Structures are given as C-alpha cells and as structure tokens.
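For reference, my_file.cif (mmCIF, C-alpha atoms and all ligand atoms):
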```cif
data_run
loop_
_atom_site.label_atom_id
_atom_site.label_comp_id
_atom_site.auth_asym_id
_atom_site.auth_seq_id
_atom_site.Cartn_x
_atom_site.Cartn_y
_atom_site.Cartn_z
CA MET A 878 84.51 58.66 -36.05
CA THR A 879 85.90 58.59 -39.54
CA SER A 880 88.31 60.76 -41.45
CA ARG A 881 85.86 60.92 -44.35
CA GLY A 882 87.02 63.46 -46.88
CA TYR A 883 90.37 63.97 -45.26
CA SER A 884 92.30 60.85 -46.16
CA GLY A 885 95.94 61.69 -46.50
CA ILE A 886 95.47 64.98 -44.68
CA VAL A 887 94.63 63.91 -41.17
CA SER A 888 95.27 60.73 -39.28
CA ARG A 889 94.63 59.50 -35.80
CA ASP A 890 97.29 58.98 -33.20
CA GLY A 891 97.35 55.86 -31.02
CA GLN A 892 94.68 57.24 -28.66
CA GLY A 893 92.19 57.81 -31.44
CA HIS A 894 92.66 61.59 -31.53
CA TYR A 895 93.09 63.44 -34.74
CA LYS A 896 96.66 64.69 -35.05
CA ASP A 897 95.55 67.71 -36.99
CA SER A 898 92.45 68.80 -35.17
CA LEU A 899 93.40 72.46 -35.70
CA PHE A 900 93.12 71.94 -39.42
CA LEU A 901 89.70 70.38 -38.96
CA LEU A 902 88.57 73.28 -36.81
CA SER A 903 89.80 75.78 -39.35
CA THR A 904 87.56 74.23 -41.99
CA GLY A 905 84.55 74.45 -39.70
CA ARG A 906 84.13 70.74 -39.15
CA CYS A 907 83.63 69.17 -35.78
CA TYR A 908 86.26 66.70 -34.59
CA ASP A 909 84.15 63.83 -35.84
CA GLY A 910 84.01 65.16 -39.39
CA HIS A 911 80.40 66.31 -39.51
CA VAL A 912 79.71 68.89 -42.14
CA ILE A 913 78.38 72.34 -41.13
CA VAL A 914 75.74 73.63 -43.55
CA ASP A 915 73.91 76.95 -43.31
CA SER A 916 70.66 76.17 -45.13
CA HIS A 917 69.34 79.72 -45.41
CA THR A 918 71.42 82.63 -46.75
CA HIS A 919 70.69 85.38 -49.27
CA ILE A 920 73.03 86.90 -51.86
CA PHE A 921 72.27 89.35 -54.67
CA PRO A 922 74.00 89.98 -58.02
CA PRO A 923 76.07 93.18 -58.52
CA LEU A 924 73.42 94.68 -60.83
CA MET A 925 70.74 94.47 -58.15
CA ARG A 926 73.06 95.82 -55.48
CA GLN A 927 74.08 98.74 -57.71
CA GLN A 928 70.56 99.48 -58.97
CA ARG A 929 68.87 98.90 -55.63
CA GLU A 930 66.68 102.02 -55.99
CA GLU A 931 65.26 100.81 -59.29
CA TYR A 932 64.39 97.41 -57.85
CA LEU A 933 62.81 99.08 -54.82
CA ARG A 934 60.47 100.89 -57.23
CA ARG A 935 59.82 97.79 -59.26
CA ASP A 936 58.92 95.25 -56.58
CA ALA A 937 56.67 95.92 -53.57
CA ALA A 938 57.89 92.95 -51.49
CA PHE A 939 61.53 93.87 -52.14
CA ALA A 940 60.75 97.47 -51.13
CA GLU A 941 59.11 96.31 -47.91
CA MET A 942 62.18 94.33 -46.90
CA TYR A 943 65.02 96.36 -48.37
CA ALA A 944 63.89 100.01 -48.37
CA SER A 945 65.84 100.51 -45.16
CA PRO A 946 69.52 101.14 -45.95
CA LYS A 947 70.26 99.01 -42.88
CA ALA A 948 68.98 95.91 -44.73
CA ARG A 949 72.16 94.61 -46.33
CA LEU A 950 72.41 93.07 -49.78
CA ALA A 951 75.39 90.73 -49.66
CA SER A 952 77.54 89.35 -52.49
CA ALA A 953 78.80 85.78 -52.89
CA GLU A 954 82.29 86.98 -51.90
CA GLU A 955 80.97 88.51 -48.68
CA LEU A 956 79.15 85.29 -47.86
CA LEU A 957 82.25 83.16 -48.50
CA ALA A 958 84.30 85.46 -46.21
CA ALA A 959 81.61 85.18 -43.52
CA MET A 960 81.66 81.38 -43.88
CA ASP A 961 85.43 81.34 -43.33
CA GLU A 962 84.98 83.49 -40.25
CA ALA A 963 82.15 81.37 -38.77
CA GLN A 964 83.67 78.05 -39.90
CA ILE A 965 80.77 77.02 -42.10
CA ASP A 966 81.52 74.38 -44.77
CA LYS A 967 78.60 74.99 -47.13
CA SER A 968 75.78 77.49 -47.48
CA VAL A 969 72.53 77.24 -49.38
CA VAL A 970 72.21 80.48 -51.37
CA LEU A 971 68.61 81.56 -51.85
CA GLY A 972 67.15 83.96 -54.35
CA PHE A 973 64.42 86.51 -53.81
CA ALA A 974 60.76 85.83 -54.68
CA TRP A 975 60.51 88.60 -57.26
CA SER A 976 57.01 89.40 -58.50
CA GLU A 977 58.19 89.27 -62.14
CA LEU A 978 59.98 86.32 -63.72
CA GLU A 979 62.71 88.41 -65.38
CA PRO A 980 64.53 89.44 -62.16
CA CYS A 981 64.12 85.86 -60.91
CA VAL A 982 66.05 84.69 -63.99
CA ARG A 983 68.82 87.31 -63.55
CA HIS A 984 69.12 86.43 -59.89
CA ASN A 985 69.15 82.68 -60.71
CA ASP A 986 72.00 83.24 -63.18
CA TYR A 987 74.07 84.80 -60.40
CA LEU A 988 73.28 82.08 -57.85
CA LEU A 989 74.14 79.31 -60.32
CA GLU A 990 77.37 81.01 -61.44
CA ALA A 991 78.48 81.79 -57.88
CA ALA A 992 77.80 78.18 -56.87
CA ALA A 993 79.68 76.83 -59.90
CA ARG A 994 82.72 78.93 -58.96
CA SER A 995 82.62 78.02 -55.25
CA GLY A 996 84.07 74.51 -55.38
CA GLY A 997 80.94 73.04 -53.80
CA ARG A 998 80.71 75.55 -50.94
CA LEU A 999 77.58 77.32 -52.22
CA ILE A 1000 74.44 75.29 -52.96
CA PRO A 1001 72.02 77.16 -55.24
CA PHE A 1002 68.25 77.42 -54.74
CA CYS A 1003 66.50 79.40 -57.47
CA THR A 1004 63.22 81.28 -57.64
CA ILE A 1005 60.48 81.44 -60.23
CA GLN A 1006 57.18 83.23 -60.60
CA PRO A 1007 54.72 80.36 -61.20
CA ARG A 1008 52.19 82.78 -62.64
CA ALA A 1009 54.49 83.15 -65.67
CA GLY A 1010 53.23 79.72 -66.83
CA ASN A 1011 55.39 77.79 -69.28
CA ASP A 1012 58.23 80.31 -69.05
CA ALA A 1013 58.38 79.67 -65.31
CA PHE A 1014 58.54 75.92 -65.74
CA ARG A 1015 61.19 76.19 -68.44
CA GLU A 1016 63.23 78.34 -66.05
CA MET A 1017 62.81 75.75 -63.32
CA GLU A 1018 64.10 73.05 -65.66
CA ARG A 1019 67.04 75.22 -66.69
CA CYS A 1020 67.95 75.79 -63.03
CA ALA A 1021 67.65 72.10 -62.17
CA ARG A 1022 69.93 71.19 -65.09
CA ALA A 1023 72.44 73.86 -64.04
CA GLY A 1024 72.73 72.45 -60.53
CA ALA A 1025 69.97 74.01 -58.43
CA ARG A 1026 69.01 71.78 -55.50
CA GLY A 1027 65.82 73.58 -54.69
CA LEU A 1028 63.54 76.55 -55.16
CA GLY A 1029 63.35 79.30 -52.59
CA GLU A 1030 62.85 81.37 -50.69
CA LEU A 1031 59.32 81.31 -52.13
CA ARG A 1032 56.64 83.72 -50.92
CA PRO A 1033 53.35 82.82 -52.57
CA ASP A 1034 51.40 85.65 -50.92
CA SER A 1035 53.89 88.33 -52.02
CA GLN A 1036 54.15 86.77 -55.49
CA GLY A 1037 50.38 86.71 -55.90
CA TYR A 1038 49.52 83.02 -56.11
CA ARG A 1039 47.77 80.62 -53.78
CA LEU A 1040 49.66 77.60 -52.53
CA ASP A 1041 46.54 75.69 -51.57
CA GLU A 1042 44.68 75.86 -54.87
CA GLY A 1043 45.17 76.33 -58.60
CA ALA A 1044 46.86 74.55 -61.46
CA ALA A 1045 50.13 76.52 -61.26
CA VAL A 1046 50.96 75.08 -57.87
CA GLU A 1047 50.22 71.52 -58.99
CA VAL A 1048 52.59 71.96 -61.94
CA LEU A 1049 55.18 73.51 -59.61
CA ALA A 1050 54.95 70.58 -57.20
CA GLU A 1051 55.04 67.99 -59.96
CA ALA A 1052 58.06 69.57 -61.66
CA ALA A 1053 59.91 69.98 -58.36
CA LEU A 1054 59.36 66.31 -57.60
CA ARG A 1055 60.50 65.28 -61.10
CA HIS A 1056 63.73 67.28 -60.78
CA GLY A 1057 64.34 66.36 -57.14
CA LEU A 1058 64.12 70.00 -56.06
CA VAL A 1059 63.44 70.89 -52.44
CA LEU A 1060 60.88 73.68 -51.99
CA LEU A 1061 61.74 76.28 -49.35
CA PHE A 1062 58.97 78.66 -48.30
CA HIS A 1063 58.97 81.71 -46.08
CA VAL A 1064 56.19 80.93 -43.61
CA SER A 1065 54.65 83.71 -41.48
CA GLU A 1066 53.88 83.51 -37.78
CA PRO A 1067 50.13 84.16 -37.40
CA VAL A 1068 50.84 85.99 -34.13
CA GLY A 1069 53.59 88.09 -32.59
CA HIS A 1070 55.34 91.27 -33.62
CA VAL A 1071 55.22 92.69 -37.11
CA TYR A 1072 58.44 93.03 -39.15
CA PRO A 1073 59.25 93.87 -42.78
CA GLY A 1074 58.65 90.78 -44.90
CA LYS A 1075 56.66 88.92 -42.24
CA GLU A 1076 53.77 88.08 -44.55
CA GLY A 1077 54.66 85.54 -47.24
CA LEU A 1078 52.62 82.43 -46.64
CA SER A 1079 50.18 81.47 -43.91
CA VAL A 1080 50.83 78.45 -41.71
CA SER A 1081 47.48 76.95 -42.76
CA SER A 1082 48.26 77.23 -46.51
CA PHE A 1083 51.72 75.80 -45.93
CA TYR A 1084 50.26 72.92 -43.95
CA ARG A 1085 47.67 72.11 -46.60
CA PHE A 1086 50.42 72.00 -49.23
CA VAL A 1087 52.64 69.76 -47.09
CA ALA A 1088 49.76 67.43 -46.23
CA GLY A 1089 48.68 67.19 -49.88
CA HIS A 1090 52.18 66.61 -51.32
CA GLY A 1091 53.69 64.03 -49.02
CA GLY A 1092 56.32 62.95 -51.53
CA GLN A 1093 57.77 66.44 -51.88
CA ALA A 1094 60.59 67.54 -49.58
CA VAL A 1095 59.62 70.93 -48.21
CA VAL A 1096 61.36 73.39 -45.90
CA GLY A 1097 59.35 75.84 -43.80
CA ALA A 1098 61.67 78.76 -43.09
CA HIS A 1099 61.74 80.40 -39.67
CA TRP A 1100 60.37 77.27 -37.97
CA GLY A 1101 57.58 77.07 -40.53
CA GLY A 1102 55.72 79.92 -38.87
CA GLY A 1103 55.27 77.71 -35.78
CA LEU A 1104 53.86 74.61 -37.49
CA PRO A 1105 56.11 72.29 -35.38
CA PHE A 1106 54.05 73.28 -32.35
CA TYR A 1107 51.04 71.49 -33.89
CA ALA A 1108 52.99 68.25 -34.26
CA LEU A 1109 51.31 67.07 -31.07
CA MET A 1110 48.27 66.47 -33.28
CA PRO A 1111 48.88 62.96 -34.62
CA GLU A 1112 47.68 63.68 -38.16
CA VAL A 1113 49.91 66.77 -38.36
CA ARG A 1114 52.90 64.79 -37.19
CA ARG A 1115 52.26 62.17 -39.88
CA ALA A 1116 51.94 64.86 -42.55
CA LEU A 1117 55.34 66.28 -41.60
CA ALA A 1118 57.27 63.15 -42.58
CA ASN A 1119 58.98 64.95 -45.47
CA ALA A 1120 58.96 68.45 -43.98
CA TYR A 1121 61.92 70.34 -42.57
CA PHE A 1122 62.07 73.52 -40.51
CA ASP A 1123 64.95 75.96 -40.55
CA THR A 1124 66.22 78.15 -37.76
CA ALA A 1125 66.60 81.29 -39.91
CA ALA A 1126 66.42 84.53 -37.92
CA THR A 1127 65.58 82.72 -34.67
CA PRO A 1128 67.30 85.32 -32.43
CA LEU A 1129 64.85 87.94 -33.80
CA LEU A 1130 61.78 85.76 -33.32
CA TYR A 1131 61.97 83.25 -30.47
CA GLU A 1132 63.51 82.55 -27.10
CA ALA A 1133 66.40 80.10 -27.18
CA ALA A 1134 64.14 77.41 -25.68
CA VAL A 1135 62.70 76.94 -29.18
CA TYR A 1136 65.60 74.73 -30.31
CA ARG A 1137 65.11 71.95 -27.79
CA GLN A 1138 61.34 72.20 -27.65
CA ALA A 1139 60.93 72.05 -31.43
CA ALA A 1140 63.37 69.13 -31.57
CA GLU A 1141 61.20 67.30 -29.06
CA LEU A 1142 58.05 68.03 -31.05
CA VAL A 1143 59.15 67.19 -34.61
CA GLY A 1144 62.47 65.40 -34.05
CA ALA A 1145 65.95 66.88 -34.55
CA GLU A 1146 66.13 65.11 -37.92
CA HIS A 1147 63.60 67.64 -39.25
CA ILE A 1148 65.50 70.77 -38.24
CA LEU A 1149 68.04 72.63 -40.38
CA PHE A 1150 70.57 75.22 -39.24
CA GLY A 1151 69.84 78.40 -41.20
CA SER A 1152 70.98 81.91 -40.34
CA ASP A 1153 69.23 84.23 -42.82
CA PHE A 1154 72.65 85.79 -43.53
CA PRO A 1155 73.32 88.70 -43.80
CA LEU A 1156 70.41 89.49 -41.47
CA ILE A 1157 71.88 87.25 -38.75
CA ASP A 1158 75.58 86.54 -38.35
CA GLN A 1159 76.29 82.89 -39.21
CA GLY A 1160 78.54 82.40 -36.18
CA ARG A 1161 75.88 83.80 -33.85
CA GLN A 1162 73.24 81.40 -35.18
CA ARG A 1163 75.64 78.47 -35.08
CA ARG A 1164 76.60 79.21 -31.46
CA ALA A 1165 72.94 79.47 -30.43
CA ILE A 1166 72.42 75.89 -31.67
CA GLU A 1167 75.63 74.71 -30.00
CA GLU A 1168 74.45 76.22 -26.73
CA ALA A 1169 71.13 74.38 -26.99
CA PHE A 1170 72.59 70.92 -27.69
CA ALA A 1171 75.63 69.42 -25.96
CA ALA A 1172 78.56 68.38 -28.15
CA ASP A 1173 77.76 64.68 -27.65
CA ASP A 1174 74.04 65.12 -28.36
CA PRO A 1175 73.41 63.65 -31.84
CA ALA A 1176 70.85 66.42 -32.43
CA ARG A 1177 73.65 68.98 -32.69
CA ALA A 1178 75.37 67.40 -35.69
CA LEU A 1179 72.05 66.61 -37.38
CA ILE A 1180 70.83 70.18 -37.14
CA LEU A 1181 74.16 71.85 -37.95
CA GLY A 1182 74.61 70.00 -41.23
CA GLU A 1183 73.94 66.29 -41.41
CA ASN A 1184 70.22 66.71 -42.13
CA ALA A 1185 71.01 69.18 -44.94
CA ARG A 1186 73.72 66.90 -46.31
CA ARG A 1187 71.25 64.04 -46.67
CA LEU A 1188 68.35 66.18 -47.87
CA LEU A 1189 70.41 67.98 -50.52
CA ARG A 1190 72.56 64.98 -51.45
CA LEU A 1191 75.74 66.94 -50.75
CA GLU A 1192 79.18 65.49 -51.28
CA PRO A 1193 80.81 64.76 -47.92
ZN ZN B 1201 62.15 84.33 -44.82
#
```
Final structure tokens representation of the file:
Amino acid sequence: MTSRGYSGIVSRDGQGHYKDSLFLLSTGRCYDGHVIVDSHTHIFPPLMRQQREEYLRRDAAFAEMYASPKARLASAEELLAAMDEAQIDKSVVLGFAWSELEPCVRHNDYLLEAAARSGGRLIPFCTIQPRAGNDAFREMERCARAGARGLGELRPDSQGYRLDEGAAVEVLAEAALRHGLVLLFHVSEPVGHVYPGKEGLSVSSFYRFVAGHGGQAVVGAHWGGGLPFYALMPEVRRALANAYFDTAATPLLYEAAVYRQAAELVGAEHILFGSDFPLIDQGRQRRAIEEAFAADDPARALILGENARRLLRLEP
C-alpha cells in the first residue's frame, strides 16, 4: 500500500491503517489508493441538448438511439455530480459517431473544453467521420494535440464505412498509432435481444481489425459484442494482446456471471469498468463489479481503474 498522490494529506498510524480513510473514501479511492476510472460515459454540448429535435432529423443513428425522450443527454456538470455521488475519480467522456464531420467537430470541442476545465477528472475521446478524408485526419490531429486520449465511441456501420477494408481505415489506424490514441468501438452482439443502437460493428469485422492491427490499443465496448468468449481459440487469444473490453451497459445485456467468466477467458487485465452513463448509473455498475470480485482479488482494482490508468497514461 502506498499513499501515492496523498502525501501530506493522509498518513498511516502505527498499525499501517490510514488515519484519514474517510477522506480517501470520499474521493472514491479504495483504501490502497487505487484509482477508480469509468471508461465509458457520454456527454453532449448544450447546443445539441437544446436543439435535440434538429439533430434527430439530421442523423439516423442519433434518432434511433435518442428519439425516445427517456434517453437522456447529459452535460459535463451532470456527469461530474454523478461521479461525486458514485465516488468515481475519473471518467472517459466519449462523443457520438455522427454521420457528418461537422457535428463531430462541435462535439469534440465540448469534450476537450470540459476535460480541460475538469482538473484531470474527465478524459476526452473524440469522434471523426473517416469518410471526410483529409478533413477527418486533420480533426484527429487537432484532437490529439488538444489532449484527446482516444477516438470513440466509433460505429463504422452507422457511419457508413467498413472497418475490415478500404484506405480510410488504414489511415485511421496509422494516425491513431502515431498519436497514441486508443480506438473504442461499439461492437454488436450477433445474437440476443434487439435494442436501439445495437448495430454498430459486427464482431467479425472488429476481430479482423484487431487481428490485423496488433500494435493498436483497441477497446471493444459492451464486452466487444462477445468476442472474449472466442478467446478459447488460441489464435484469437493471441490476437487480443492489445485489446480491451469494457463493461458498459452490462446490466442490460448479460447475467452477472459475465464478469468472472470473461476475466477467466481474456484475463482481468483486459477488462475496463465502463458504465455507459447516463444509460446506467455509475454506482450501480461499480457495485456490480465489486460484487463479482472480492476486495482482496487483484482483478477488482485492475478492472475498476488500474487497467485504464495504464492504458490511458493517466496521472495517479
Ligand atoms: Zn455502445
């Protein structure tokens, strides 16, 4: 145990206990100082929240997912308040895979500004439309320079490009690698119930991309559409060396047994705590992981934040 990041604030008593464990708890950290990172949240700029109807008309994928007034569009302030409530240290804020580049850019501006104002609590991932060619790659460079740590949540099928063929994807992968950007994709379960926004990228396309771009760190959202279950095939397991799977929206998709079984299949070091806020309450998703792994199980700290901290090179 270390008091990393808290020197001068907390100290241990003679028995090795932190004197100020209440303070630690109030910041969301475990007793041993592990960071808690929600790797999958969505926030939208005020303009898009106010002009929701216009964006519903403009973008078919957005309409599919947000036509229902029950589908919330959250602000950065609402996310920060939720993080305080659920004791989350940092959240990755994702954009939306708009079909046009222009709303991607507006959304990116908001994510980057919100992150810059958050004192390190919000980690921005931006989106681009690769079909926009050079403009898309210039936008990716701008985002990387302004602090983006990744691109996502990307939905190649909704955005109208193929992930397993074509020059645009090669340029995307090459540029992401050059800028050290993690690529986070929505991956669709090929089976099971239908829900708004289910289709975004097939497991087979995602796998071909991962297998063909071994140097690129990639996150498959929502357990990568089930790809971890194929890790019992030796060549698949080898291909997943640089792949991560997030737990976003798990309570809507899987039984709670998924946490331990997926950890056994791909290793806990490949799993990231993600809620899909505001769809799923951050505290609910965090508790589900805590119920699956005992406090002294190293998998718990890895999944709740340590994997994300290493992957995204976050300050402790
Ligand atoms: Zn998703």
Inset, instruction - Check which residues fall inside 7 Å of ligand ZN 1201 (chain B) when counting only C-alpha atoms and all ligand atoms, and print them as a list in words. - result: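 Checked against 7 Å with only C-alpha atoms and all ligand atoms; the hits are Glu1030, His1063, Val1064, Ala1098 and His1099 of chain A.
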Inset, instruction - Compare A:Leu1058, A:Ile1148, A:Ala958, A:Gly1101 by their minimum atom-to-atom distance to A:Glu1183, counting only C-alpha atoms, and give me the closest one. - result: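 Using only C-alpha atoms, A:Glu1183 sits closest to A:Ile1148.
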Inset, instruction - Compile the contact shell of stretch 1009-1012 of chain A as a list in words: residues with an atom at most 10 Å away, counting all atoms listed in the file, same-chain residues fewer than 6 positions apart removed. - result: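 Here the qualifying residues turn out to be Ser976, Glu977, Leu978, Glu979, Glu1018, Ala1044, Ala1045, Val1048 and Leu1049 of chain A.
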Inset, instruction - Mind checking which residues fall within 12 Å of A:Ala1052, counting only C-alpha atoms, ignoring those fewer than 2 positions away in the same chain, and posting them as a ChimeraX atom specification? - result: /A:1007,1011,1013-1021,1027-1028,1045-1050,1054-1060,1093
Counting only C-alpha atoms, give me one row per residue of stretch 891-1009 of chain A with an atom at most 8 Å from an atom of stretch 1174-1178 of chain A, showing the shortest contact pair and its distance in Å to one decimal, sorted by chain then residue number, as JSON lines.
```
{"residue": "A:His911", "atom": "CA", "partner": "A:Ala1178", "partner_atom": "CA", "distance": 6.4}
{"residue": "A:Val912", "atom": "CA", "partner": "A:Ala1178", "partner_atom": "CA", "distance": 7.9}
{"residue": "A:Ile913", "atom": "CA", "partner": "A:Ala1178", "partner_atom": "CA", "distance": 7.9}
```
Inset, instruction - Show which residues sit within 12 Å of A:Arg1039, as a VMD selection string. Count only C-alpha atoms, and ignore same-chain residues fewer than 5 positions away. - result: chain A and resid 1006 to 1008 1031 to 1034 1044 to 1047 1049 1077 to 1079 1081 to 1083 1085 to 1086
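Within 6 Å of the point (70.3, 74.9, -44.7), counting only C-alpha atoms, the protein and nucleic acid residues come to Val914, Asp915, Ser916, His917, Val969, Leu1149, Phe1150, Gly1151 and Ala1185 of chain A.
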Show me, as JSON, the centre and edge lengths in Å to one decimal of the axis-aligned box that covers every listed atom of stretch 910-929 of chain A with 5 Å on each side.
```
{"center_x": 76.4, "center_y": 82.3, "center_z": -50.1, "size_x": 25.1, "size_y": 44.3, "size_z": 31.4}
```
Could you list, as a compact mmCIF listing (two decimals) with C-alpha atoms, in the coordinates of the input, every residue within 12 Å of A:Asp936, counting all atoms listed in the file and ignoring same-chain residues fewer than 5 positions away?
```txt
# COMPACT_ATOMS: atom_id res chain seq x y z
CA MET A 925 70.74 94.47 -58.15
CA ARG A 929 68.87 98.90 -55.63
CA GLU A 930 66.68 102.02 -55.99
CA GLU A 931 65.26 100.81 -59.29
CA GLU A 941 59.11 96.31 -47.91
CA MET A 942 62.18 94.33 -46.90
CA TYR A 943 65.02 96.36 -48.37
CA ALA A 944 63.89 100.01 -48.37
CA PHE A 973 64.42 86.51 -53.81
CA ALA A 974 60.76 85.83 -54.68
CA TRP A 975 60.51 88.60 -57.26
CA SER A 976 57.01 89.40 -58.50
CA GLU A 977 58.19 89.27 -62.14
CA LEU A 978 59.98 86.32 -63.72
CA GLU A 979 62.71 88.41 -65.38
CA PRO A 980 64.53 89.44 -62.16
CA CYS A 981 64.12 85.86 -60.91
CA SER A 1035 53.89 88.33 -52.02
CA GLN A 1036 54.15 86.77 -55.49
```
Legend entry - Gap from atom CA of A:Leu933 to atom CA of A:Arg983 - Å, one decimal: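 For atom CA of A:Leu933 relative to atom CA of A:Arg983, the distance reads 15.8 Å.
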Inset, instruction - Find the residue from A:Thr1127, A:Arg1114, A:Leu956, A:Gly1037 that sits nearest to A:Glu1141; use all atoms listed in the file when measuring. - result: A:Arg1114
Legend entry - One-decimal distance in Å that lies between atom CA of A:Val982 and atom CA of A:Asn1184: 28.6 Å
Legend entry - Pick from A:Ile1166, A:Leu924, A:Ala1116, A:Ile965, whichever lies nearest to A:His1090 using all atoms listed in the file: A:Ala1116
Legend entry - Counting only C-alpha atoms, the residue of A:Pro1073, A:Gly1089, A:Pro922, A:Gly1144 that sits nearest A:Pro1105: A:Gly1144
Inset, instruction - Go ahead and compute the interatomic distance for atom CA of A:Ile1005 and atom CA of A:Lys1075, in Å to one decimal. - result: 19.9 Å
